[in-house]
Each structure stands twice: as structure tokens, then as C-alpha cells.
file start.tsv (TSV, C-alpha atoms and all ligand atoms)
chain	number	residue	atom	x	y	z
A	1	MET	CA	-53.83	-4.07	-9.07
A	2	HIS	CA	-56.00	-1.05	-8.36
A	3	THR	CA	-58.96	-2.74	-6.70
A	4	GLU	CA	-60.41	-0.03	-4.48
A	5	ILE	CA	-59.72	-0.70	-0.84
A	6	VAL	CA	-60.32	1.70	2.07
A	7	ARG	CA	-59.23	-0.17	5.17
A	8	GLY	CA	-56.82	-3.02	5.70
A	9	HIS	CA	-53.64	-4.11	7.45
A	10	CYS	CA	-50.69	-1.79	6.78
A	11	LEU	CA	-47.92	-3.81	5.11
A	12	ILE	CA	-45.28	-2.08	7.24
A	13	CYS	CA	-46.64	-1.80	10.81
A	14	GLY	CA	-49.51	-4.30	10.50
A	15	THR	CA	-52.08	-1.94	12.07
A	16	TYR	CA	-55.62	-2.31	10.74
A	17	GLY	CA	-57.05	0.98	9.52
A	18	ARG	CA	-57.37	3.41	6.66
A	19	LEU	CA	-54.82	2.84	3.90
A	20	THR	CA	-53.02	5.53	1.87
A	21	TRP	CA	-51.45	5.62	-1.59
A	22	ASP	CA	-47.71	5.07	-1.93
A	23	HIS	CA	-45.97	5.98	-5.18
A	24	VAL	CA	-43.35	3.43	-6.29
A	25	PRO	CA	-40.90	4.71	-7.54
A	26	PRO	CA	-41.24	7.47	-4.94
A	27	GLN	CA	-42.40	10.97	-5.86
A	28	GLY	CA	-39.46	13.31	-6.27
A	29	SER	CA	-37.15	10.62	-7.66
A	30	ILE	CA	-38.77	10.40	-11.07
A	31	THR	CA	-40.99	12.59	-13.18
A	32	ILE	CA	-44.46	11.26	-12.48
A	33	THR	CA	-46.07	10.51	-15.83
A	34	LYS	CA	-48.89	8.45	-17.16
A	35	VAL	CA	-47.77	4.84	-16.82
A	36	GLU	CA	-48.93	1.38	-17.67
A	37	GLN	CA	-48.41	-1.35	-15.09
A	38	VAL	CA	-48.10	-5.01	-15.94
A	39	HIS	CA	-47.08	-8.07	-14.01
A	40	LEU	CA	-43.60	-9.27	-14.75
A	41	THR	CA	-44.90	-12.73	-15.55
A	42	GLU	CA	-46.93	-11.18	-18.38
A	43	VAL	CA	-43.89	-9.47	-19.88
A	44	MET	CA	-41.90	-12.65	-19.58
A	45	GLY	CA	-44.54	-14.55	-21.51
A	46	VAL	CA	-45.52	-16.93	-18.74
A	47	ASP	CA	-49.19	-16.11	-19.09
A	48	PRO	CA	-50.73	-17.21	-22.39
A	49	VAL	CA	-53.13	-14.24	-22.57
A	50	PRO	CA	-52.00	-11.06	-24.34
A	51	VAL	CA	-50.58	-8.39	-22.07
A	52	LYS	CA	-53.09	-5.74	-21.12
A	53	GLY	CA	-51.59	-3.19	-18.78
A	54	VAL	CA	-53.33	-1.24	-16.05
A	55	LYS	CA	-53.12	2.45	-16.91
A	56	SER	CA	-52.52	5.08	-14.28
A	57	PRO	CA	-52.52	8.82	-15.08
A	58	ASN	CA	-50.05	9.72	-12.36
A	59	GLY	CA	-47.45	7.03	-11.87
A	60	SER	CA	-47.36	3.62	-10.35
A	61	LYS	CA	-48.95	3.53	-6.90
A	62	PHE	CA	-50.16	1.13	-4.27
A	63	LYS	CA	-52.76	1.63	-1.52
A	64	THR	CA	-51.21	-0.73	0.99
A	65	ILE	CA	-49.76	1.25	3.92
A	66	CYS	CA	-51.13	3.48	6.69
A	67	LYS	CA	-50.74	7.25	6.78
A	68	ALA	CA	-48.29	7.19	9.72
A	69	CYS	CA	-45.89	4.76	7.98
A	70	ASN	CA	-46.28	6.62	4.71
A	71	SER	CA	-45.23	9.97	6.12
A	72	ASN	CA	-42.99	9.07	9.10
A	73	HIS	CA	-40.95	6.24	7.63
A	74	LEU	CA	-41.14	6.74	3.85
A	75	GLY	CA	-41.95	10.39	3.20
A	76	ALA	CA	-39.35	11.54	5.73
A	77	ASN	CA	-36.63	9.59	3.91
A	78	ASP	CA	-37.75	9.96	0.28
A	79	GLN	CA	-35.79	13.20	0.04
A	80	GLU	CA	-32.57	11.22	0.36
A	81	VAL	CA	-33.70	8.84	-2.39
A	82	ALA	CA	-34.59	11.81	-4.60
A	83	ARG	CA	-31.25	13.50	-3.95
A	84	VAL	CA	-29.26	10.33	-4.69
A	85	TYR	CA	-31.20	9.66	-7.92
A	86	LYS	CA	-30.83	13.26	-9.09
A	87	GLU	CA	-27.12	13.45	-8.36
A	88	LEU	CA	-26.42	10.05	-9.82
A	89	THR	CA	-28.36	10.93	-12.99
A	90	SER	CA	-26.11	13.92	-13.63
A	91	LEU	CA	-22.94	11.95	-12.79
A	92	VAL	CA	-24.03	9.24	-15.24
A	93	ALA	CA	-24.82	11.80	-17.95
A	94	ASN	CA	-21.43	13.44	-17.51
A	95	HIS	CA	-19.65	10.12	-17.47
A	96	PHE	CA	-21.05	9.04	-20.82
A	97	ALA	CA	-20.93	12.51	-22.43
A	98	TYR	CA	-17.30	13.23	-21.65
A	99	ALA	CA	-15.76	9.99	-20.36
A	100	SER	CA	-13.18	12.42	-19.01
A	101	ASN	CA	-12.28	10.46	-15.95
A	102	HIS	CA	-10.61	7.14	-16.53
A	103	LEU	CA	-12.57	5.39	-13.85
A	104	ASP	CA	-15.37	3.00	-14.68
A	105	TYR	CA	-17.42	4.06	-11.68
A	106	VAL	CA	-18.92	7.16	-10.10
A	107	SER	CA	-19.45	7.86	-6.42
A	108	LEU	CA	-21.53	10.28	-4.40
A	109	PRO	CA	-22.31	11.08	-0.76
A	110	PHE	CA	-24.96	8.82	0.65
A	111	ASP	CA	-26.97	8.45	3.87
A	112	ALA	CA	-27.33	4.68	3.66
A	113	VAL	CA	-29.83	4.29	6.50
A	114	ARG	CA	-32.26	6.90	5.18
A	115	PHE	CA	-31.93	5.74	1.59
A	116	CYS	CA	-32.41	2.05	2.44
A	117	ARG	CA	-35.28	2.74	4.87
A	118	ALA	CA	-37.28	4.47	2.13
A	119	MET	CA	-36.40	1.97	-0.61
A	120	ILE	CA	-37.23	-1.07	1.58
A	121	GLY	CA	-40.48	0.56	2.68
A	122	HIS	CA	-41.54	1.08	-0.95
A	123	ILE	CA	-40.64	-2.52	-1.76
A	124	LEU	CA	-42.88	-3.72	1.09
A	125	SER	CA	-45.77	-1.56	-0.17
A	126	ALA	CA	-45.53	-2.37	-3.89
A	127	THR	CA	-47.86	-5.34	-4.09
A	128	SER	CA	-51.47	-6.37	-4.38
A	129	VAL	CA	-54.01	-4.97	-1.88
A	130	ASP	CA	-54.98	-8.59	-1.23
A	131	GLU	CA	-52.06	-8.75	1.18
A	132	CYS	CA	-53.72	-6.04	3.31
A	133	LYS	CA	-56.83	-8.20	3.75
A	134	ARG	CA	-54.96	-10.88	5.68
A	135	GLU	CA	-53.92	-10.82	9.36
A	136	PRO	CA	-50.20	-10.01	9.46
A	137	VAL	CA	-47.91	-12.91	10.42
A	138	GLU	CA	-44.26	-12.88	11.47
A	139	THR	CA	-41.88	-14.23	8.83
A	140	PRO	CA	-38.09	-14.55	8.93
A	141	TYR	CA	-37.82	-12.63	5.66
A	142	PHE	CA	-40.28	-9.72	6.08
A	143	THR	CA	-40.43	-9.07	9.85
A	144	PRO	CA	-36.83	-7.75	10.13
A	145	LEU	CA	-37.42	-5.57	7.05
A	146	GLN	CA	-40.60	-4.11	8.59
A	147	ASN	CA	-38.76	-3.41	11.86
A	148	PHE	CA	-35.93	-1.70	9.98
A	149	VAL	CA	-38.36	0.53	8.08
A	150	MET	CA	-40.07	1.42	11.40
A	151	GLY	CA	-36.78	2.72	12.81
A	152	ASP	CA	-34.73	-0.19	14.20
A	153	ASN	CA	-31.34	0.39	12.51
A	154	PHE	CA	-30.03	-3.01	13.59
A	155	ALA	CA	-33.02	-5.14	12.57
A	156	ILE	CA	-31.54	-6.57	9.36
A	157	GLY	CA	-27.84	-6.86	10.25
A	158	ASN	CA	-27.97	-10.64	10.67
A	159	THR	CA	-30.67	-11.45	8.15
A	160	HIS	CA	-30.28	-9.50	4.91
A	161	ASP	CA	-27.74	-8.13	2.41
A	162	LEU	CA	-28.37	-5.03	0.28
A	163	TYR	CA	-26.96	-4.27	-3.20
A	164	CYS	CA	-27.12	-1.43	-5.73
A	165	TRP	CA	-26.13	-1.37	-9.39
A	166	PHE	CA	-26.44	0.79	-12.49
A	167	TYR	CA	-29.81	0.27	-14.19
A	168	PRO	CA	-29.77	1.63	-17.78
A	169	HIS	CA	-33.46	0.93	-18.54
A	170	ARG	CA	-36.55	3.03	-19.10
A	171	HIS	CA	-39.09	0.81	-17.39
A	172	HIS	CA	-39.50	0.55	-13.63
A	173	LEU	CA	-39.40	-2.79	-11.92
A	174	SER	CA	-40.57	-3.71	-8.44
A	175	ALA	CA	-40.63	-7.25	-7.13
A	176	LYS	CA	-41.50	-7.68	-3.47
A	177	MET	CA	-40.32	-11.24	-3.41
A	178	PHE	CA	-39.07	-13.86	-5.74
A	179	ALA	CA	-36.86	-16.89	-5.27
A	180	PHE	CA	-33.79	-17.63	-7.32
A	181	LYS	CA	-32.53	-21.18	-7.49
A	182	ASN	CA	-28.95	-21.88	-8.54
A	183	ARG	CA	-27.98	-25.52	-8.06
A	184	ARG	CA	-28.55	-26.15	-4.34
A	185	ASN	CA	-28.65	-22.48	-3.42
A	186	ILE	CA	-32.21	-21.10	-3.15
A	187	CYS	CA	-32.37	-17.42	-2.27
A	188	THR	CA	-35.24	-15.01	-1.66
A	189	ILE	CA	-34.75	-11.63	-3.34
A	190	SER	CA	-36.61	-8.31	-3.56
A	191	VAL	CA	-35.83	-5.55	-6.07
A	192	LEU	CA	-36.82	-1.98	-6.84
A	193	SER	CA	-35.24	-0.63	-10.02
A	194	PHE	CA	-35.70	2.62	-11.90
A	195	PHE	CA	-33.23	4.66	-13.91
A	196	PRO	CA	-30.38	5.01	-13.10
A	197	LEU	CA	-30.17	2.65	-10.11
A	198	ALA	CA	-31.35	-0.82	-9.12
A	199	PHE	CA	-31.65	-1.82	-5.45
A	200	SER	CA	-31.99	-5.35	-4.12
A	201	ILE	CA	-32.50	-7.12	-0.82
A	202	THR	CA	-31.39	-10.73	-0.41
A	203	GLU	CA	-31.11	-13.23	2.40
A	204	LYS	CA	-27.80	-12.76	4.20
A	205	GLY	CA	-24.76	-14.55	2.85
A	206	LYS	CA	-26.47	-16.12	-0.15
A	207	GLY	CA	-24.37	-14.03	-2.52
A	208	ILE	CA	-26.95	-13.54	-5.24
A	209	TYR	CA	-26.46	-10.26	-7.15
A	210	PRO	CA	-25.63	-9.22	-10.70
A	211	SER	CA	-22.06	-8.63	-11.84
A	212	GLY	CA	-21.05	-5.04	-11.22
A	213	ALA	CA	-23.27	-4.65	-8.15
A	214	THR	CA	-22.03	-2.80	-5.05
A	215	LYS	CA	-22.82	-4.20	-1.61
A	216	VAL	CA	-24.44	-1.51	0.52
A	217	GLU	CA	-23.56	-1.35	4.23
A	218	LEU	CA	-25.78	0.74	6.49
A	219	THR	CA	-22.64	2.50	7.77
A	220	ASP	CA	-21.67	3.68	4.24
A	221	ASP	CA	-21.35	7.41	3.65
A	222	ARG	CA	-20.65	7.10	-0.09
A	223	LEU	CA	-22.37	5.12	-2.80
A	224	TYR	CA	-20.18	3.64	-5.56
A	225	VAL	CA	-21.83	2.74	-8.86
A	226	ASN	CA	-19.97	0.76	-11.51
A	227	LEU	CA	-20.79	2.03	-15.02
A	228	SER	CA	-18.73	-0.29	-17.19
A	229	SER	CA	-20.81	-1.52	-20.10
A	230	GLY	CA	-19.85	-5.17	-19.64
A	231	HIS	CA	-22.38	-5.35	-16.84
A	232	PHE	CA	-25.35	-3.96	-18.82
A	233	PRO	CA	-26.69	-7.35	-19.99
A	234	TYR	CA	-27.15	-8.43	-16.37
A	235	SER	CA	-28.68	-5.21	-15.06
A	236	GLY	CA	-32.35	-5.89	-15.83
A	237	PHE	CA	-34.07	-9.07	-14.86
A	238	PRO	CA	-33.28	-11.79	-13.81
A	239	PHE	CA	-29.66	-10.54	-13.49
A	240	THR	CA	-28.24	-13.56	-15.27
A	241	HIS	CA	-28.91	-16.00	-18.08
A	242	LEU	CA	-30.73	-18.97	-16.66
A	243	SER	CA	-28.99	-22.21	-17.47
A	244	ASP	CA	-28.76	-25.78	-16.19
A	245	ASP	CA	-31.19	-26.13	-13.32
A	246	GLN	CA	-31.32	-22.43	-12.48
A	247	MET	CA	-34.83	-21.08	-12.10
A	248	ILE	CA	-36.93	-18.27	-10.77
A	249	LEU	CA	-40.09	-18.64	-8.71
A	250	MET	CA	-42.42	-15.75	-8.12
A	251	SER	CA	-45.94	-14.72	-7.29
A	252	THR	CA	-47.55	-12.80	-10.15
A	253	ALA	CA	-48.98	-10.04	-7.96
A	254	GLN	CA	-45.63	-9.33	-6.32
A	255	ALA	CA	-43.58	-8.58	-9.43
A	256	ILE	CA	-44.67	-5.46	-11.23
A	257	VAL	CA	-43.25	-3.61	-14.20
A	258	SER	CA	-44.36	-0.11	-15.10
A	259	TYR	CA	-43.29	2.11	-17.96
A	260	PRO	CA	-44.09	5.63	-19.13
A	261	ILE	CA	-46.64	5.92	-21.95
A	262	LYS	CA	-47.73	8.78	-24.18
A	263	GLU	CA	-50.91	10.64	-23.27
K	1	ZN	ZN	-48.33	1.41	9.11

call {"tool": "encode", "arguments": {"input": "start.tsv", "output": "C-alpha cells"}}
result
Amino acid sequence: MHTEIVRGHCLICGTYGRLTWDHVPPQGSITITKVEQVHLTEVMGVDPVPVKGVKSPNGSKFKTICKACNSNHLGANDQEVARVYKELTSLVANHFAYASNHLDYVSLPFDAVRFCRAMIGHILSATSVDECKREPVETPYFTPLQNFVMGDNFAIGNTHDLYCWFYPHRHHLSAKMFAFKNRRNICTISVLSFFPLAFSITEKGKGIYPSGATKVELTDDRLYVNLSSGHFPYSGFPFTHLSDDQMILMSTAQAIVSYPIKE
């Protein structure tokens, strides 16, 4: 995961040049600690070898985007992510400490465009540096996401749906792309989850999301998060119990779990 690379193709704008480190989850939204990173397939027991994580002294990070994208498109919007995570964390703490309101959800003000731009940008960056070694190609799934991150607010309106839901877990999960198959419905999904919120991108109209998720529209000015405990079992991965012919397909390098470890 941390193969040293200096130059490559930026995974947002495609420009070939010097690459910079991107923290995922973003700095400011979590306390950066020493973490161990593993591939999701290792945690799930797909690989027969014992899990040996990659240790990082200062959080989970990826050297896969250029400096301009890092600061103009992500850094400029990370403040909104940090504010939402901070405010939601205290709303969640209050909700469970006092349960004083009789609602099973909390809500907070939300700049959907800024929040989603940063989150989608981090999802695009959180992968193996091997992707930076290849010439960028246009794809129906990633090209609209890249254009949205670079400032086109209408780039994903016809191609993608966005969802958020309460994520009561300690580990961080990023998966740039995996496919979920449910009978005849095959859907490509991306997720970035860290306490207390999970965020997903799916192909438009496929309707794949965990119970209790809120659909995010880019015109939203409030974020609603359902906290009822009935949804907890579906909040992690893969959102649902797999049964019948349901299955999940993913590339090992694109699904990464990280968790805080002691010094
Ligand atoms: Zn770039």
C-alpha cells in the first residue's frame, strides 16, 4: 500500500506529475493516530495467509493525487466534512446519553456539495499507487465523479446516487469500488465510513443501500441521520446478510480497512 512513488497520474484530474499524500479519513475529521491498514479481503478471510497490517504512525494515507487537486478540491472542502463529523458526534453522544427527544434521528445543517465533493475526492484517492502508473481512461462510473470533484456540480446528477447512514464502528473503511450482485441486479458501489457516519456512492437508480440510510441530494441543506438500533447490524459491511445468489466482487487493493492501534 505504501510503495514509494514520486510521480504518476493524479487519480482526480489525470495530470501526470508529482503526487501528494491524502489522508483518508481526512485530517480534521478524526484524531490522527497510529493506525494499521489491511485489505478488506484479508479481514473477511478470503486470503488464506494470516493478516499482517501495514502500520502508519500518522493515520491512513494515500499518495495518489496532485497538489492542486489535494488543496483546491479536497482541502478547501474538508472543513465542511470536519464540521459535520464534529457536530454529528456530539448530537449522537447526546442522543444516547439522554434519549430526551423521542425521535429516532438527529439532523444538522449541511452544505451537501462541499461535503460530497471532499468525500468523493477521498474515495477516488484511497487506493493503490499502481492506479497512478496507468494512463487515465474515461469510464462511465469514475469520469463523472472526477468531474464533480473538480467543480462541475451537475456531473453526477444522471449517473450516481449518494447515501449516508449512522456508522457505530471504531474501524475506518474505504472501498473505491466493489460490485454487489442481488439476483439480476448488479450494482457498483463505493464507500467511505468512519465514526459516526458512513457515505456511499452507487450507480443511479440501482437502489442498493443499507436499511436506515438517508439519500443525499446535492441541494440538501440539512443532513438527517437515523439512529435507531435496528439498523446497526447492517451499518458495517456488506450492509446486508448475503443469501441466495447474492455476492460481492471486489479488487483487493481498492477495499481498505484501517483501525487505531496502541503505540
Ligand atoms: Zn489532480

call {"tool": "residues_near_ligand", "arguments": {"input": "start.tsv", "ligand": "ligand ZN 1 (chain K)", "cutoff": "10 Å", "atoms": "all atoms listed in the file", "output": "NGL selection string"}}
result
:A and (9-20 or 64-73 or 146 or 150)

call {"tool": "residues_near_point", "arguments": {"input": "start.tsv", "point": "(-30.2, -7.5, -6.7)", "cutoff": "12 Å", "atoms": "all atoms listed in the file", "output": "PDB file with C-alpha atoms, in the frame of the given file"}}
result
ATOM      1  CA  HIS A 160     -30.280  -9.500   4.910  1.00  0.00           C
ATOM      2  CA  ASP A 161     -27.740  -8.130   2.410  1.00  0.00           C
ATOM      3  CA  LEU A 162     -28.370  -5.030   0.280  1.00  0.00           C
ATOM      4  CA  TYR A 163     -26.960  -4.270  -3.200  1.00  0.00           C
ATOM      5  CA  CYS A 164     -27.120  -1.430  -5.730  1.00  0.00           C
ATOM      6  CA  TRP A 165     -26.130  -1.370  -9.390  1.00  0.00           C
ATOM      7  CA  PHE A 166     -26.440   0.790 -12.490  1.00  0.00           C
ATOM      8  CA  TYR A 167     -29.810   0.270 -14.190  1.00  0.00           C
ATOM      9  CA  LEU A 173     -39.400  -2.790 -11.920  1.00  0.00           C
ATOM     10  CA  SER A 174     -40.570  -3.710  -8.440  1.00  0.00           C
ATOM     11  CA  ALA A 175     -40.630  -7.250  -7.130  1.00  0.00           C
ATOM     12  CA  LYS A 176     -41.500  -7.680  -3.470  1.00  0.00           C
ATOM     13  CA  MET A 177     -40.320 -11.240  -3.410  1.00  0.00           C
ATOM     14  CA  PHE A 178     -39.070 -13.860  -5.740  1.00  0.00           C
ATOM     15  CA  ALA A 179     -36.860 -16.890  -5.270  1.00  0.00           C
ATOM     16  CA  PHE A 180     -33.790 -17.630  -7.320  1.00  0.00           C
ATOM     17  CA  CYS A 187     -32.370 -17.420  -2.270  1.00  0.00           C
ATOM     18  CA  THR A 188     -35.240 -15.010  -1.660  1.00  0.00           C
ATOM     19  CA  ILE A 189     -34.750 -11.630  -3.340  1.00  0.00           C
ATOM     20  CA  SER A 190     -36.610  -8.310  -3.560  1.00  0.00           C
ATOM     21  CA  VAL A 191     -35.830  -5.550  -6.070  1.00  0.00           C
ATOM     22  CA  LEU A 192     -36.820  -1.980  -6.840  1.00  0.00           C
ATOM     23  CA  SER A 193     -35.240  -0.630 -10.020  1.00  0.00           C
ATOM     24  CA  LEU A 197     -30.170   2.650 -10.110  1.00  0.00           C
ATOM     25  CA  ALA A 198     -31.350  -0.820  -9.120  1.00  0.00           C
ATOM     26  CA  PHE A 199     -31.650  -1.820  -5.450  1.00  0.00           C
ATOM     27  CA  SER A 200     -31.990  -5.350  -4.120  1.00  0.00           C
ATOM     28  CA  ILE A 201     -32.500  -7.120  -0.820  1.00  0.00           C
ATOM     29  CA  THR A 202     -31.390 -10.730  -0.410  1.00  0.00           C
ATOM     30  CA  GLU A 203     -31.110 -13.230   2.400  1.00  0.00           C
ATOM     31  CA  LYS A 206     -26.470 -16.120  -0.150  1.00  0.00           C
ATOM     32  CA  GLY A 207     -24.370 -14.030  -2.520  1.00  0.00           C
ATOM     33  CA  ILE A 208     -26.950 -13.540  -5.240  1.00  0.00           C
ATOM     34  CA  TYR A 209     -26.460 -10.260  -7.150  1.00  0.00           C
ATOM     35  CA  PRO A 210     -25.630  -9.220 -10.700  1.00  0.00           C
ATOM     36  CA  SER A 211     -22.060  -8.630 -11.840  1.00  0.00           C
ATOM     37  CA  GLY A 212     -21.050  -5.040 -11.220  1.00  0.00           C
ATOM     38  CA  ALA A 213     -23.270  -4.650  -8.150  1.00  0.00           C
ATOM     39  CA  THR A 214     -22.030  -2.800  -5.050  1.00  0.00           C
ATOM     40  CA  LYS A 215     -22.820  -4.200  -1.610  1.00  0.00           C
ATOM     41  CA  VAL A 216     -24.440  -1.510   0.520  1.00  0.00           C
ATOM     42  CA  TYR A 234     -27.150  -8.430 -16.370  1.00  0.00           C
ATOM     43  CA  SER A 235     -28.680  -5.210 -15.060  1.00  0.00           C
ATOM     44  CA  GLY A 236     -32.350  -5.890 -15.830  1.00  0.00           C
ATOM     45  CA  PHE A 237     -34.070  -9.070 -14.860  1.00  0.00           C
ATOM     46  CA  PRO A 238     -33.280 -11.790 -13.810  1.00  0.00           C
ATOM     47  CA  PHE A 239     -29.660 -10.540 -13.490  1.00  0.00           C
ATOM     48  CA  THR A 240     -28.240 -13.560 -15.270  1.00  0.00           C
TER      49      THR A 240
END

call {"tool": "atom_distance", "arguments": {"input": "start.tsv", "atom1": "CA of Asp78 (chain A)", "atom2": "CA of Arg134 (chain A)"}}
result
27.6 Å

call {"tool": "residues_around", "arguments": {"input": "start.tsv", "residues": "region 84-94 of chain A", "least_positions_apart": "4", "cutoff": "9 Å", "atoms": "only C-alpha atoms", "output": "PyMOL selection string"}}
result
chain A and resi 29-30+79-80+98-100+106-110+115+195-197+223+225+227

call {"tool": "axis_aligned_box", "arguments": {"input": "start.tsv", "around": "region 214-224 of chain A", "padding_each_side": "5 Å", "output": "AutoDock Vina command-line options"}}
result
--center_x -23.0 --center_y 1.6 --center_z 1.1 --size_x 15.6 --size_y 21.6 --size_z 23.3

call {"tool": "closest_residue", "arguments": {"input": "start.tsv", "among": "A:Arg117, A:Arg170, A:Lys181, A:Lys55", "to": "Phe194 (chain A)", "atoms": "only C-alpha atoms"}}
result
A:Arg170

call {"tool": "closest_residue", "arguments": {"input": "start.tsv", "among": "A:Lys63, A:Arg222, A:His172, A:His122", "to": "Leu145 (chain A)", "atoms": "all atoms listed in the file"}}
result
A:His122

call {"tool": "residues_around", "arguments": {"input": "start.tsv", "residues": "Phe62 (chain A)", "least_positions_apart": "5", "cutoff": "10 Å", "atoms": "all atoms listed in the file", "output": "ChimeraX atom specification"}}
result
/A:1-3,19-24,122,125-129

call {"tool": "atom_distance", "arguments": {"input": "start.tsv", "atom1": "CA of Thr139 (chain A)", "atom2": "CA of Ala155 (chain A)"}}
result
13.2 Å

call {"tool": "atom_distance", "arguments": {"input": "start.tsv", "atom1": "CA of Pro26 (chain A)", "atom2": "CA of Ser60 (chain A)"}}
result
9.0 Å

call {"tool": "closest_residue", "arguments": {"input": "start.tsv", "among": "A:Ser228, A:Asn147, A:Thr219, A:Ser258", "to": "Gly121 (chain A)", "atoms": "only C-alpha atoms"}}
result
A:Asn147

call {"tool": "closest_residue", "arguments": {"input": "start.tsv", "among": "A:Ala82, A:Leu103, A:Ala97, A:Val6", "to": "Tyr224 (chain A)", "atoms": "all atoms listed in the file"}}
result
A:Leu103

call {"tool": "residues_near_point", "arguments": {"input": "start.tsv", "point": "(-32.1, -10.0, 10.3)", "cutoff": "9 Å", "atoms": "only C-alpha atoms", "output": "list of chain:residue names"}}
result
A:Pro140, A:Tyr141, A:Thr143, A:Pro144, A:Leu145, A:Phe154, A:Ala155, A:Ile156, A:Gly157, A:Asn158, A:Thr159, A:His160, A:Glu203, A:Lys204
